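Below is one structure, written out as structure tokens, with a few remarks after it.
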Amino acid sequence: MGLRPVDLARRAGVSTQLVRNYEAAGILPPAPRSDTGYRQYGPEHVSALLTYRALAPGFGAETASEIMRAVHDGDEGRAYRLVDAAHAALHEQRLATDAASEALAALAAENVDELTGPSLLVGELAHRLGIRTSALRVWEAAGLLAPTREPGTKYRRYGPEQVRDARIIHMLRQGRYYFEQIRPVLDGLRRTGSTEALRTAIAERRAAHDRQTKAMLYGSALLHQLISQGQPAESEPTVRAQ
């Protein structure tokens, strides 16, 4: 007797509508219908559902969906490439965090009294950082930057300290830090010159990388089981040490 949508939903702790959505998106293999038109799911649907739910936290919903569709299409090579690409992207994020950590530590250590240079207009600062002027305005609206205004023209002017802060914001945003993570970093620097919040933010980012790696490993283990179902033992790959 086939399983009902509610049976799958209970196994994964999701709604029955979400199960139907997963099938429509190709995350689950197509389900045959009974004579009365009801979907009939089997063990392969349970495995696919649990695999996707395990993949999504580490790989993201979009990539996890693509992996599942590749598996159901019989294109294991594409599934493996998607897994490899996700691991490579996470590795690049780790390298970026390391680089940002070193650069930010140097920037944060700069003494405001020793910062020199002319104040910059919004377009000049945006050009120096390689970003759009709209990004600087968004950062200002979020309370991260507070440029002065020229009398009369009201043009924004960014002094040496604000240029430094903009560089820090830009580096942290490249490292995918949220505004609420960036704000205490800047507050600490401005009030006391402390880099403690900066070190905390970087440590939290590295911990997030570790959590994602663990989630990817768990999801990959279930993916391996799903792909291996029904394969003869001799089809298991052998990788020789180099």
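Within each chain, counting starts at residue 1; across the structure tokens, chains are named A, B, ... in the order shown, with ligands numbered 1 upward in that order.
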
Show which residues sit within 10 Å of Thr200 in chain A, as an MDAnalysis selection string. Count only C-alpha atoms, and ignore same-chain residues fewer than 4 positions away. chainID A and resid 181 184:185 195:196 204:206

Those same residues - C-alpha atoms - I'd like them written as a PDB file, in the first residue's frame.
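Below is the file that was written, part_10.pdb:
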```
ATOM      1  CA  GLN A 181      26.977  42.537  12.957  1.00  0.00           C
ATOM      2  CA  PRO A 184      28.975  47.002  17.095  1.00  0.00           C
ATOM      3  CA  VAL A 185      32.339  46.786  15.299  1.00  0.00           C
ATOM      4  CA  THR A 195      38.681  45.835  18.210  1.00  0.00           C
ATOM      5  CA  GLU A 196      36.918  43.304  20.456  1.00  0.00           C
ATOM      6  CA  GLU A 204      31.173  34.183  14.587  1.00  0.00           C
ATOM      7  CA  ARG A 205      31.694  34.122  10.829  1.00  0.00           C
ATOM      8  CA  ARG A 206      34.212  31.302  11.103  1.00  0.00           C
TER       9      ARG A 206
END
```

Residues of range 62-178 of chain A classed as strand (DSSP E) by DSSP on the backbone are to be reported as an MDAnalysis selection string. chainID A and resid 120:121 148:149 156:158

To one decimal place in Å, what is the distance between CA of Leu145 in chain A and CA of Ile169 in chain A? 9.1 Å

Which residues, written as a ChimeraX atom specification, have at least one atom at most 10 Å from Pro29 in chain A, with only C-alpha atoms counted and residues fewer than 4 positions away on the same chain left out? /A:22-25,41,44-45,48-49,68-69,71-73

Between A:Pro151, A:Gly159, A:Pro30, A:Gly37, single out the one closest to Pro118 in chain A, counting only C-alpha atoms.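 With only C-alpha atoms as the atom set, the closest residue is A:Gly159.
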
Can you tell me which residues surround Glu180 in chain A at a distance of at most 12 Å, considering only C-alpha atoms, apart from same-chain residues fewer than 6 positions away, and format the answer as a count of residues only? 11

I need the residue nearest Arg149 in chain A from this list: A:Ile67, A:Ala56, A:Val122, A:Ala89. Use only C-alpha atoms for the distance.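 Checking each candidate against Arg149 in chain A, we get A:Val122 as the closest.
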
Residues near Tyr80 in chain A, anyone? I mean within 10 Å using only C-alpha atoms, not counting same-chain ones fewer than 2 positions away, as a list in words.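 Contacts, in chain order: Ile67, Ala70, Val71, Asp75, Glu76, Gly77, Arg78, Leu82, Val83, Asp84, Ala85, Ala86, Ser220 and Leu223 of chain A.
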
Just want the 12 Å neighbourhood of Asn21 in chain A, counted on only C-alpha atoms, with same-chain residues fewer than 6 positions away dropped. Output as a list in words.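 Using only C-alpha atoms, the neighbours found are Pro5, Ala9, Val14, Ser15, Ile27, Leu28, Pro29, Pro30, Leu49 and Ser65 of chain A.
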
As a JSON list (two decimals) with N, CA, C and O atoms, in the first residue's frame, please: the residues near Tyr38 in chain A (cut-off 10 Å, only C-alpha atoms, same-chain neighbours under 5 positions excluded).
```json
[["chain", "number", "residue", "atom", "x", "y", "z"],
["A", 2, "GLY", "N", 0.62, 2.21, -0.87],
["A", 2, "GLY", "CA", 1.43, 3.41, -0.97],
["A", 2, "GLY", "C", 1.23, 4.34, 0.21],
["A", 2, "GLY", "O", 0.22, 4.28, 0.92],
["A", 4, "ARG", "N", 0.67, 8.06, 1.87],
["A", 4, "ARG", "CA", -0.07, 9.27, 1.55],
["A", 4, "ARG", "C", 0.81, 10.50, 1.77],
["A", 4, "ARG", "O", 1.84, 10.41, 2.44],
["A", 5, "PRO", "N", 0.44, 11.64, 1.19],
["A", 5, "PRO", "CA", 1.22, 12.87, 1.45],
["A", 5, "PRO", "C", 1.39, 13.15, 2.93],
["A", 5, "PRO", "O", 2.45, 13.59, 3.37],
["A", 31, "ALA", "N", 5.11, 10.81, -8.40],
["A", 31, "ALA", "CA", 4.39, 9.77, -7.65],
["A", 31, "ALA", "C", 3.29, 9.19, -8.53],
["A", 31, "ALA", "O", 2.53, 9.93, -9.17],
["A", 32, "PRO", "N", 3.19, 7.85, -8.60],
["A", 32, "PRO", "CA", 2.08, 7.25, -9.36],
["A", 32, "PRO", "C", 0.75, 7.53, -8.68],
["A", 32, "PRO", "O", 0.71, 7.89, -7.50],
["A", 33, "ARG", "N", -0.30, 7.38, -9.41],
["A", 33, "ARG", "CA", -1.65, 7.64, -8.88],
["A", 33, "ARG", "C", -2.40, 6.31, -8.74],
["A", 33, "ARG", "O", -2.22, 5.38, -9.53]]
```

Could you tell me how far CA of Gly219 in chain A sits from CA of Tyr52 in chain A, in Å to one decimal place?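 Going from CA of Tyr52 in chain A over to CA of Gly219 in chain A covers 7.7 Å.
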
So which one's closest to Glu150 in chain A, A:Ala96, A:Leu120, A:Met171, A:Ile131? Using only C-alpha atoms, please. A:Leu120

Ranking A:Ser34, A:Gln93, A:Thr63, A:Thr51 by minimum distance to Arg176 in chain A and counting only C-alpha atoms, which one comes first? A:Gln93

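What separates CA of Leu198 in chain A from CA of Ala146 in chain A is a distance of 19.7 Å.
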
For the structure I just gave you, how does DSSP split range 86-238 of chain A - specifically, which residues are alpha helix (DSSP H)? Reply as a PyMOL selection string. chain A and resi 86-108+122-129+133-141+160-174+179-191+196-228

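Using only C-alpha atoms for every distance, the candidate list A:Ile168, A:Ala54, A:Ile227, A:Ile202 yields A:Ile168 as the residue closest to Leu189 in chain A.
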
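Distance annotation: of A:Gly58, A:Glu161, A:Arg94, A:Arg81, the residue with the minimal separation from Arg211 in chain A is A:Gly58; atom set is only C-alpha atoms.
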